[in-house]
Amino acid sequence: MMRMVLGGGIALIFALAAVLSFFWTPFDVTVFDIANKIKTPTGLHPFGTDHFGRDILSMIMVGARISLAVALVAVGIGMGLGVPLGLWAAARRGGWVDELVMRFNDLVFAFPSLLIAVMITAIFGASAFNAILAIGIFNIPVFARLSRGAALSLWSREFILSARVAGKSSARISFEHILPNIANLLIVQGTIQFSLGILAEAGLSYIGLGVQPPTPSWGRMLADSQTLAALAPHLVLFPGFAIILTVLGLNLMGDGLRDMLDPRLKGIRS
């Protein structure tokens, strides 16, 4: 429980910063102030300024909006498509649908998300939308496998057999009986994939395949500051800590949710 509270608190701080950035930031991140470039942290600029004189705190706030939005939408794509596919495959277990879904999963897993992003970027160009698409495609088989495996263990249960005897269709059973019983697994996995999505977005932006300038991104901030790390370490430390803390918070929250939603784990980690 403590892990979930701590992780949720950390994640909430960055979520609030992201929401606040829509309405207010200490400085305009699109305005260059060359006279004040590479300033160390001061009262006016708590996190210092970058090589263009932009306020790093403001950029981290806007970057939080980008990272969280990309990861959230990508996980939504993965869950929205992967869960129905997994339930469909479980309902048609052993048939051609099940085989087709599993082979699709194997095909996607054969290509890392970074390689998928390179392929998409080569066709459509680098952008935040294409980063979302690449991460979302990679998330589909993750949720498909999880939902299929969890659903298969329920199809032989008595309450499912009763629903079949009552004349309910496979689709209705899947969404009325199977899905509610595996929702806890999906929530925990969604939290984990959310944190991985933030790392993926930062990695794609770092190599220039994600969010494009002038929109701030944590990964882009790291890429732009790598040559100045020895001269101004704050350029690397603050966006790096933002990524680390956000991922840590989400992982702690997912760990806590797993303990809370699975009674078998209670007491094991105390």
# chains A, B, ... in the order shown; residues from 1 in each chain; ligands from 1
>>> select_by_dssp(residues="range 29-258 of chain A", states="alpha helix (DSSP H)", output="PyMOL selection string")
chain A and resi 56-91+96-109+113-124+128-152+158-165+170-173+179-206+218-225+234-258
>>> closest_atom_pairs(of="range 28-67 of chain A", to="range 203-226 of chain A", cutoff="8 Å", atoms="only C-alpha atoms", output="CSV")
residue,atom,partner,partner_atom,distance
A:Val29,CA,A:Pro216,CA,7.7
A:Thr30,CA,A:Pro214,CA,6.7
A:Asp50,CA,A:Ser225,CA,7.9
A:His51,CA,A:Ser225,CA,8.0
A:Met59,CA,A:Pro216,CA,5.7
A:Ile60,CA,A:Trp218,CA,6.7
A:Val62,CA,A:Pro216,CA,6.4
A:Gly63,CA,A:Ser217,CA,4.4
A:Ala64,CA,A:Trp218,CA,7.6
A:Ile66,CA,A:Ser217,CA,6.6
A:Ser67,CA,A:Ser217,CA,7.1
>>> write_last_selection(atoms="N, CA and C atoms", output="compact mmCIF listing (two decimals), in the first residue's frame")
# COMPACT_ATOMS: atom_id res chain seq x y z
N VAL A 29 8.40 28.75 -23.40
CA VAL A 29 9.44 27.84 -23.88
C VAL A 29 9.77 28.05 -25.36
N THR A 30 9.01 28.87 -26.06
CA THR A 30 9.28 29.13 -27.47
C THR A 30 10.13 30.37 -27.68
N ASP A 50 18.86 26.58 -20.70
CA ASP A 50 19.58 25.74 -21.65
C ASP A 50 20.45 26.59 -22.57
N HIS A 51 20.95 25.99 -23.65
CA HIS A 51 21.88 26.69 -24.54
C HIS A 51 21.20 27.74 -25.40
N MET A 59 10.40 23.97 -19.55
CA MET A 59 10.50 22.93 -20.57
C MET A 59 10.15 21.55 -20.01
N ILE A 60 10.52 21.29 -18.77
CA ILE A 60 10.19 20.01 -18.15
C ILE A 60 8.68 19.90 -17.94
N VAL A 62 6.33 21.33 -19.82
CA VAL A 62 5.73 21.05 -21.13
C VAL A 62 6.12 19.66 -21.61
N GLY A 63 7.36 19.25 -21.32
CA GLY A 63 7.79 17.91 -21.68
C GLY A 63 6.99 16.82 -20.98
N ALA A 64 6.58 17.10 -19.75
CA ALA A 64 5.73 16.14 -19.03
C ALA A 64 4.41 15.96 -19.76
N ILE A 66 3.90 16.24 -22.96
CA ILE A 66 4.14 15.45 -24.16
C ILE A 66 4.36 13.99 -23.83
N SER A 67 5.25 13.72 -22.87
CA SER A 67 5.58 12.33 -22.53
C SER A 67 4.38 11.57 -22.01
>>> residues_around(residues="Arg148 in chain A", least_positions_apart="4", cutoff="8 Å", atoms="only C-alpha atoms", output="PyMOL selection string")
chain A and resi 83+85-90+144+152
>>> residues_around(residues="range 192-201 of chain A", least_positions_apart="6", cutoff="9 Å", atoms="only C-alpha atoms", output="NGL selection string")
:A and (66-68 or 70-72 or 74-75 or 113-114 or 128 or 131-132 or 135-136 or 139 or 142 or 209-211 or 217-219 or 243-244 or 246-251 or 253-255)
>>> residues_around(residues="Ile34 in chain A", least_positions_apart="6", cutoff="12 Å", atoms="only C-alpha atoms", output="list in words")
Thr49, Asp50, His51, Phe52, Gly53, Arg54 and Asp55 of chain A
